[in-house]
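**Student:** Hey, dropping final_5.cif in here, mmCIF, C-alpha atoms:
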data_coords
loop_
_atom_site.label_atom_id
_atom_site.label_comp_id
_atom_site.auth_asym_id
_atom_site.auth_seq_id
_atom_site.Cartn_x
_atom_site.Cartn_y
_atom_site.Cartn_z
CA MET A 1 -164.62 172.92 58.76
CA GLU A 2 -167.73 171.54 57.06
CA LEU A 3 -167.21 170.88 53.37
CA GLN A 4 -170.01 171.92 51.03
CA TYR A 5 -170.11 170.27 47.62
CA THR A 6 -172.29 169.89 44.54
CA ILE A 7 -173.08 166.50 43.00
CA VAL A 8 -173.29 166.23 39.21
CA ARG A 9 -174.58 162.83 38.04
CA SER A 10 -174.22 161.49 34.50
CA PRO A 11 -175.61 158.28 32.96
CA LYS A 12 -172.40 157.87 30.91
CA ARG A 13 -169.98 158.25 33.81
CA LYS A 14 -168.47 155.06 35.24
CA THR A 15 -166.32 156.43 38.06
CA LEU A 16 -166.38 159.07 40.78
CA SER A 17 -164.26 162.21 40.56
CA ILE A 18 -163.92 165.30 42.70
CA THR A 19 -162.59 168.73 41.69
CA VAL A 20 -162.19 172.20 43.17
CA GLU A 21 -163.21 174.91 40.70
CA ARG A 22 -161.56 178.32 40.47
CA ASP A 23 -164.39 179.86 42.52
CA ARG A 24 -163.68 177.34 45.33
CA ALA A 25 -166.77 175.28 44.49
CA VAL A 26 -166.26 171.56 45.25
CA VAL A 27 -167.88 169.40 42.56
CA VAL A 28 -168.32 165.63 42.69
CA ARG A 29 -169.10 163.94 39.36
CA ALA A 30 -170.71 160.54 39.74
CA PRO A 31 -172.61 157.78 37.92
CA MET A 32 -176.39 158.04 38.20
CA ALA A 33 -176.78 155.14 40.64
CA THR A 34 -174.12 156.27 43.14
CA SER A 35 -175.58 156.80 46.61
CA GLU A 36 -175.02 159.99 48.59
CA GLU A 37 -173.43 157.85 51.32
CA THR A 38 -170.78 156.62 48.87
CA ILE A 39 -170.15 160.17 47.69
CA GLY A 40 -169.89 161.36 51.29
CA ARG A 41 -167.25 158.74 52.02
CA LEU A 42 -165.24 159.89 49.00
CA VAL A 43 -165.35 163.49 50.21
CA ASP A 44 -164.22 162.37 53.67
CA THR A 45 -161.22 160.48 52.26
CA LYS A 46 -160.23 163.57 50.25
CA ARG A 47 -160.85 166.01 53.09
CA GLN A 48 -157.23 167.04 53.71
CA TRP A 49 -156.52 167.40 49.98
CA LEU A 50 -159.67 169.50 49.53
CA LEU A 51 -158.78 171.79 52.44
CA GLU A 52 -155.32 172.38 50.95
CA LYS A 53 -156.86 173.24 47.58
CA LEU A 54 -159.43 175.58 49.14
CA ARG A 55 -156.73 177.44 51.07
CA HIS A 56 -154.38 177.83 48.09
CA PRO A 57 -153.15 181.46 48.17
CA GLN A 58 -152.62 181.88 44.41
CA LYS A 59 -155.12 179.76 42.55
CA TYR A 60 -158.11 181.53 44.03
CA GLN A 61 -157.11 185.17 43.94
CA GLU A 62 -159.85 187.74 43.91
CA ARG A 63 -160.40 189.33 40.53
CA VAL A 64 -157.91 192.11 39.98
CA HIS A 65 -160.14 193.95 37.53
CA PRO A 66 -163.71 194.92 38.37
CA PRO A 67 -166.34 193.50 36.01
CA GLY A 68 -168.05 195.63 33.44
CA LYS A 69 -165.18 197.02 31.35
CA GLU A 70 -166.70 199.52 28.93
CA VAL A 71 -166.30 199.14 25.16
CA VAL A 72 -165.44 202.77 24.42
CA ASN A 73 -162.69 204.70 22.63
CA GLY A 74 -159.45 204.55 24.58
CA GLU A 75 -160.34 201.42 26.56
CA SER A 76 -158.35 198.25 25.90
CA ALA A 77 -159.02 194.52 25.64
CA LEU A 78 -156.83 191.41 25.80
CA TYR A 79 -155.99 189.26 22.80
CA LEU A 80 -153.35 186.50 22.89
CA GLY A 81 -151.80 187.94 26.03
CA LYS A 82 -151.57 191.60 25.02
CA GLU A 83 -153.77 194.62 25.61
CA TYR A 84 -155.02 196.40 22.49
CA ARG A 85 -156.80 199.71 22.19
CA ILE A 86 -160.52 199.82 21.31
CA GLU A 87 -161.58 202.28 18.60
CA LEU A 88 -165.16 203.00 17.56
CA THR A 89 -164.80 203.85 13.89
CA GLU A 90 -165.84 202.86 10.37
CA THR A 91 -164.48 199.62 8.90
CA ALA A 92 -164.37 198.44 5.30
CA SER A 93 -166.21 195.22 6.12
CA GLY A 94 -168.77 196.77 8.43
CA GLN A 95 -167.67 194.20 11.03
CA VAL A 96 -165.19 194.16 13.90
CA GLU A 97 -161.65 194.22 12.52
CA PHE A 98 -158.28 193.80 14.22
CA GLN A 99 -155.32 195.91 13.07
CA ASP A 100 -153.15 196.16 16.18
CA ALA A 101 -156.34 197.60 17.68
CA PHE A 102 -159.95 196.52 17.94
CA LEU A 103 -161.86 198.49 15.29
CA ILE A 104 -165.57 198.39 16.10
CA PRO A 105 -167.98 199.94 13.56
CA LYS A 106 -170.03 202.81 14.89
CA THR A 107 -173.07 201.11 13.34
CA HIS A 108 -172.68 198.43 16.05
CA GLN A 109 -172.35 200.97 18.84
CA GLU A 110 -175.49 199.76 20.62
CA ASN A 111 -174.29 196.14 20.50
CA ARG A 112 -170.56 196.75 20.80
CA ARG A 113 -170.05 194.36 23.71
CA ARG A 114 -171.87 191.57 21.88
CA VAL A 115 -170.04 191.98 18.57
CA LEU A 116 -166.63 192.06 20.28
CA ARG A 117 -167.53 188.92 22.24
CA GLU A 118 -168.61 187.24 18.97
CA TRP A 119 -165.27 188.24 17.43
CA TYR A 120 -163.44 186.55 20.30
CA ILE A 121 -165.49 183.37 19.88
CA GLU A 122 -164.74 183.27 16.14
CA ARG A 123 -161.01 183.63 16.82
CA ALA A 124 -161.21 180.89 19.46
CA ASN A 125 -162.81 178.53 16.95
CA GLU A 126 -160.23 179.40 14.29
CA THR A 127 -157.28 178.95 16.68
CA LEU A 128 -158.10 176.31 19.30
CA LEU A 129 -159.88 173.72 17.19
CA PRO A 130 -157.11 173.28 14.58
CA LEU A 131 -154.53 173.33 17.38
CA ALA A 132 -156.36 170.51 19.19
CA GLU A 133 -156.56 168.51 15.96
CA ASN A 134 -152.87 168.94 15.15
CA ARG A 135 -151.59 168.21 18.64
CA ALA A 136 -153.89 165.18 19.00
CA ARG A 137 -152.35 163.77 15.83
CA GLN A 138 -148.84 164.36 17.19
CA LEU A 139 -149.78 162.79 20.53
CA GLY A 140 -151.37 159.79 18.81
CA VAL A 141 -154.80 160.22 20.40
CA SER A 142 -158.31 160.79 19.09
CA TYR A 143 -161.38 162.43 20.59
CA ALA A 144 -165.12 162.15 19.97
CA SER A 145 -165.65 165.92 19.50
CA VAL A 146 -164.13 169.28 20.31
CA SER A 147 -166.00 172.56 20.78
CA ILE A 148 -165.72 176.09 22.10
CA VAL A 149 -168.00 176.80 25.06
CA ASP A 150 -168.97 179.64 27.40
CA THR A 151 -167.99 178.66 30.93
CA HIS A 152 -166.48 180.37 33.94
CA TYR A 153 -163.69 179.01 36.17
CA ARG A 154 -162.76 176.14 33.82
CA TRP A 155 -160.46 176.63 30.83
CA GLY A 156 -161.00 173.21 29.29
CA SER A 157 -162.43 169.78 29.97
CA CYS A 158 -162.26 166.20 28.75
CA THR A 159 -165.35 164.10 29.51
CA PRO A 160 -165.40 160.34 30.16
CA THR A 161 -166.75 160.01 26.59
CA ASN A 162 -163.69 161.80 25.16
CA ARG A 163 -165.45 165.05 24.33
CA LEU A 164 -163.18 168.08 24.61
CA THR A 165 -164.37 171.60 25.35
CA PHE A 166 -162.43 174.85 25.64
CA ASN A 167 -163.47 178.18 27.11
CA TRP A 168 -163.59 180.91 24.44
CA ARG A 169 -161.92 183.29 26.90
CA LEU A 170 -158.66 181.37 26.43
CA ILE A 171 -158.11 183.31 23.20
CA LYS A 172 -157.22 186.28 25.40
CA ALA A 173 -154.24 184.38 26.92
CA PRO A 174 -150.72 184.13 25.45
CA MET A 175 -150.25 181.35 22.92
CA PHE A 176 -148.01 179.33 25.27
CA VAL A 177 -150.92 179.25 27.75
CA VAL A 178 -153.40 178.22 25.04
CA GLN A 179 -151.08 175.39 24.00
CA TYR A 180 -150.72 174.23 27.61
CA VAL A 181 -154.50 174.05 28.17
CA VAL A 182 -155.05 172.17 24.90
CA LEU A 183 -152.31 169.64 25.71
CA HIS A 184 -153.59 169.32 29.28
CA GLU A 185 -156.97 168.11 28.03
CA LEU A 186 -155.50 165.92 25.29
CA ALA A 187 -153.27 164.23 27.87
CA HIS A 188 -156.41 163.14 29.71
CA LEU A 189 -157.17 160.90 26.73
CA LEU A 190 -154.10 158.91 27.80
CA GLU A 191 -154.35 159.37 31.57
CA PRO A 192 -157.71 160.43 33.10
CA ASN A 193 -156.26 161.46 36.46
CA HIS A 194 -153.68 164.05 37.46
CA SER A 195 -151.15 161.34 38.22
CA PRO A 196 -147.35 161.67 37.89
CA ARG A 197 -147.69 159.92 34.52
CA PHE A 198 -150.19 162.58 33.41
CA TRP A 199 -147.86 165.45 34.29
CA ASN A 200 -144.93 163.68 32.62
CA ILE A 201 -146.96 163.51 29.41
CA VAL A 202 -147.88 167.19 29.58
CA ARG A 203 -144.37 168.32 30.46
CA ALA A 204 -142.89 166.34 27.56
CA GLN A 205 -145.24 168.15 25.16
CA VAL A 206 -145.21 171.61 26.77
CA PRO A 207 -141.74 172.87 27.78
CA SER A 208 -143.37 176.05 29.13
CA LEU A 209 -145.66 174.09 31.48
CA ASP A 210 -144.58 175.83 34.70
CA LYS A 211 -144.63 179.26 33.06
CA ALA A 212 -148.13 178.66 31.68
CA ARG A 213 -149.54 177.44 35.00
CA LEU A 214 -148.05 180.43 36.80
CA TRP A 215 -149.50 182.82 34.21
CA LEU A 216 -152.99 181.37 34.71
CA LYS A 217 -152.68 181.61 38.50
CA GLU A 218 -151.63 185.24 38.32
CA ASN A 219 -153.80 186.41 35.41
CA GLY A 220 -156.71 183.97 35.17
CA SER A 221 -159.09 186.43 36.81
CA GLN A 222 -158.63 188.81 33.87
CA LEU A 223 -159.66 186.09 31.41
CA GLU A 224 -162.83 185.39 33.38
CA GLU A 225 -164.25 188.78 32.46
CA ASP A 226 -166.27 188.74 29.24
CA LEU A 227 -164.09 191.55 27.87
#
For this file, produce the structure as structure tokens.

**Tutor:**
Amino acid sequence: MELQYTIVRSPKRKTLSITVERDRAVVVRAPMATSEETIGRLVDTKRQWLLEKLRHPQKYQERVHPPGKEVVNGESALYLGKEYRIELTETASGQVEFQDAFLIPKTHQENRRRVLREWYIERANETLLPLAENRARQLGVSYASVSIVDTHYRWGSCTPTNRLTFNWRLIKAPMFVVQYVVLHELAHLLEPNHSPRFWNIVRAQVPSLDKARLWLKENGSQLEEDL
């Protein structure tokens, strides 16, 4: 089987790394001066590991929900692991409100998908950023920056320059999953690779580690939808 992969070069990166994204894309991240021959040798040495990842029966499930969920009365949307009803109605603030249901003003009916997405992003900023700050303090680590981003197939990342990013769609997952992803990236500030030491750090901080990983494997496709 021929392995196809994408090379992403960065002037700040000092080492080579290789990952398999949730859509089965193989990505090699490399310093700017690294030759394609060197990268090819790395891929060859990781061939068996890559094939096992690409054939994983759970991590790469097809999406269980078709894209394009409609924002209409009676539909539902995820928030912190639960489905809540969507209601197009009037609100006191004139903005999206949450009261055990998503209340979307009729005045935003033409832009209802956009305003609900913006609401999610605001909640992600309010929840994930303070969580990262608090848990970093407890773990005794520091980072250069932390931000909420719009990406598919990756819930969080920690760059070689200690910049953390988290996918806004995480706010739709249960809190124990959110905490796992945040601690996963913070642990990379102590251990850059997924070594036994790395997983020991995460497990010590996240008792629900196995439960959270299983939830993402089984339900991650739902988070990947915008709504």

**Student:** Can you tell me how far CA of Val178 (chain A) sits from CA of Phe166 (chain A), in Å to one decimal?

**Tutor:**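 Separation of CA of Val178 (chain A) and CA of Phe166 (chain A): 9.7 Å.
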
**Student:** What does the PyMOL selection byres ((chain A and resi 82-87) around 9) select in this file, as an NGL selection string?

**Tutor:** :A and (71-81 or 88-89 or 100-105 or 172-174)

**Student:** Save the residues we just selected, C-alpha atoms, as a PDB file, keeping the file's coordinate frame?

**Tutor:**
ATOM      1  CA  VAL A  71    -166.300 199.140  25.160  1.00  0.00           C
ATOM      2  CA  VAL A  72    -165.440 202.770  24.420  1.00  0.00           C
ATOM      3  CA  ASN A  73    -162.690 204.700  22.630  1.00  0.00           C
ATOM      4  CA  GLY A  74    -159.450 204.550  24.580  1.00  0.00           C
ATOM      5  CA  GLU A  75    -160.340 201.420  26.560  1.00  0.00           C
ATOM      6  CA  SER A  76    -158.350 198.250  25.900  1.00  0.00           C
ATOM      7  CA  ALA A  77    -159.020 194.520  25.640  1.00  0.00           C
ATOM      8  CA  LEU A  78    -156.830 191.410  25.800  1.00  0.00           C
ATOM      9  CA  TYR A  79    -155.990 189.260  22.800  1.00  0.00           C
ATOM     10  CA  LEU A  80    -153.350 186.500  22.890  1.00  0.00           C
ATOM     11  CA  GLY A  81    -151.800 187.940  26.030  1.00  0.00           C
ATOM     12  CA  LEU A  88    -165.160 203.000  17.560  1.00  0.00           C
ATOM     13  CA  THR A  89    -164.800 203.850  13.890  1.00  0.00           C
ATOM     14  CA  ASP A 100    -153.150 196.160  16.180  1.00  0.00           C
ATOM     15  CA  ALA A 101    -156.340 197.600  17.680  1.00  0.00           C
ATOM     16  CA  PHE A 102    -159.950 196.520  17.940  1.00  0.00           C
ATOM     17  CA  LEU A 103    -161.860 198.490  15.290  1.00  0.00           C
ATOM     18  CA  ILE A 104    -165.570 198.390  16.100  1.00  0.00           C
ATOM     19  CA  PRO A 105    -167.980 199.940  13.560  1.00  0.00           C
ATOM     20  CA  LYS A 172    -157.220 186.280  25.400  1.00  0.00           C
ATOM     21  CA  ALA A 173    -154.240 184.380  26.920  1.00  0.00           C
ATOM     22  CA  PRO A 174    -150.720 184.130  25.450  1.00  0.00           C
TER      23      PRO A 174
END

**Student:** In Å to one decimal, how far is CA of Asn162 (chain A) from CA of Arg135 (chain A)?

**Tutor:**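 Result for CA of Arg135 (chain A) versus CA of Asn162 (chain A): 15.2 Å, one decimal.
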
**Student:** Name the closest residue to Val181 (chain A) among the candidates A:Tyr5, A:Trp119, A:Trp215, A:Trp49; distances are taken between atoms, counting all atoms listed in the file.

**Tutor:**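 Counting all atoms listed in the file, the residue closest to Val181 (chain A) is A:Trp215.
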
**Student:** Could you check the closest approach to Glu21 (chain A) for each of A:Leu50, A:Ala136, A:Glu37, A:Tyr143 and tell me which residue wins, using all atoms listed in the file?

**Tutor:**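 So, comparing all the options, the nearest one is A:Leu50.
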
**Student:** Would you mind reading off the distance between CA of Arg29 (chain A) and CA of Arg197 (chain A), one decimal, in Å?

**Tutor:** 22.3 Å

**Student:** Expand the PyMOL selection byres ((chain A and resi 211) around 12) into the explicit residue set it covers here, and present it as a list in words.

**Tutor:**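 The output of the PyMOL selection byres ((chain A and resi 211) around 12) on this file is Pro174, Met175, Phe176, Val177, Val178, Gln179, Tyr180, Arg203, Val206, Pro207, Ser208, Leu209, Asp210, Ala212, Arg213, Leu214, Trp215, Leu216, Lys217, Glu218 and Asn219 of chain A.
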
**Student:** So, with only C-alpha atoms as the atoms that count, which of A:Gln48, A:Lys106, A:Ser157, A:Leu183 lies closest to Leu131 (chain A)?

**Tutor:** A:Leu183

**Student:** What's around Ile18 (chain A) at 8 Å? Count only C-alpha atoms, leave out sequence neighbours fewer than 4 positions away in its own chain, and write the answer as a PDB file with C-alpha atoms, in the frame of the given file.

**Tutor:**
ATOM      1  CA  VAL A  26    -166.260 171.560  45.250  1.00  0.00           C
ATOM      2  CA  VAL A  27    -167.880 169.400  42.560  1.00  0.00           C
ATOM      3  CA  VAL A  28    -168.320 165.630  42.690  1.00  0.00           C
ATOM      4  CA  ARG A  29    -169.100 163.940  39.360  1.00  0.00           C
ATOM      5  CA  VAL A  43    -165.350 163.490  50.210  1.00  0.00           C
TER       6      VAL A  43
END

**Student:** Do you know which residues lie at most 12 Å from (-172.1, 176.8, 27.7), with coordinates as in the file and only C-alpha atoms counted, and could you write them as a CSV table (one decimal) with C-alpha atoms, in the frame of the given file?

**Tutor:**
chain,number,residue,atom,x,y,z
A,147,SER,CA,-166.0,172.6,20.8
A,148,ILE,CA,-165.7,176.1,22.1
A,149,VAL,CA,-168.0,176.8,25.1
A,150,ASP,CA,-169.0,179.6,27.4
A,151,THR,CA,-168.0,178.7,30.9
A,152,HIS,CA,-166.5,180.4,33.9
A,154,ARG,CA,-162.8,176.1,33.8
A,156,GLY,CA,-161.0,173.2,29.3
A,165,THR,CA,-164.4,171.6,25.4
A,166,PHE,CA,-162.4,174.8,25.6
A,167,ASN,CA,-163.5,178.2,27.1
A,168,TRP,CA,-163.6,180.9,24.4

**Student:** Using only C-alpha atoms, which of A:Thr45, A:Thr107, A:Thr127, A:Thr159 sits nearest Glu90 (chain A)?

**Tutor:** A:Thr107

**Student:** Here is a test: counting only C-alpha atoms, which residue of A:Thr15, A:Glu110, A:Asn125, A:Glu118 is nearest to Val96 (chain A)?

**Tutor:**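 Closest to Val96 (chain A) of all the choices is A:Glu118.
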
**Student:** Taking into account all atoms listed in the file, which residue in the set A:Ser10, A:Ala204, A:Gly40, A:Leu16 is nearest to Thr161 (chain A)?

**Tutor:**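 For Thr161 (chain A), the nearest of the candidates is A:Ser10.
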
**Student:** Determine the residue set returned by the PyMOL selection byres ((chain A and resi 31) around 10) for the present structure, and present it as a ChimeraX atom specification.

**Tutor:** /A:8-17,29-30,32-35

**Student:** Next, dump the selected residues to file, keeping only C-alpha atoms, as a tab-separated table (two decimals), keeping the file's coordinate frame.

**Tutor:**
chain	number	residue	atom	x	y	z
A	8	VAL	CA	-173.29	166.23	39.21
A	9	ARG	CA	-174.58	162.83	38.04
A	10	SER	CA	-174.22	161.49	34.50
A	11	PRO	CA	-175.61	158.28	32.96
A	12	LYS	CA	-172.40	157.87	30.91
A	13	ARG	CA	-169.98	158.25	33.81
A	14	LYS	CA	-168.47	155.06	35.24
A	15	THR	CA	-166.32	156.43	38.06
A	16	LEU	CA	-166.38	159.07	40.78
A	17	SER	CA	-164.26	162.21	40.56
A	29	ARG	CA	-169.10	163.94	39.36
A	30	ALA	CA	-170.71	160.54	39.74
A	32	MET	CA	-176.39	158.04	38.20
A	33	ALA	CA	-176.78	155.14	40.64
A	34	THR	CA	-174.12	156.27	43.14
A	35	SER	CA	-175.58	156.80	46.61
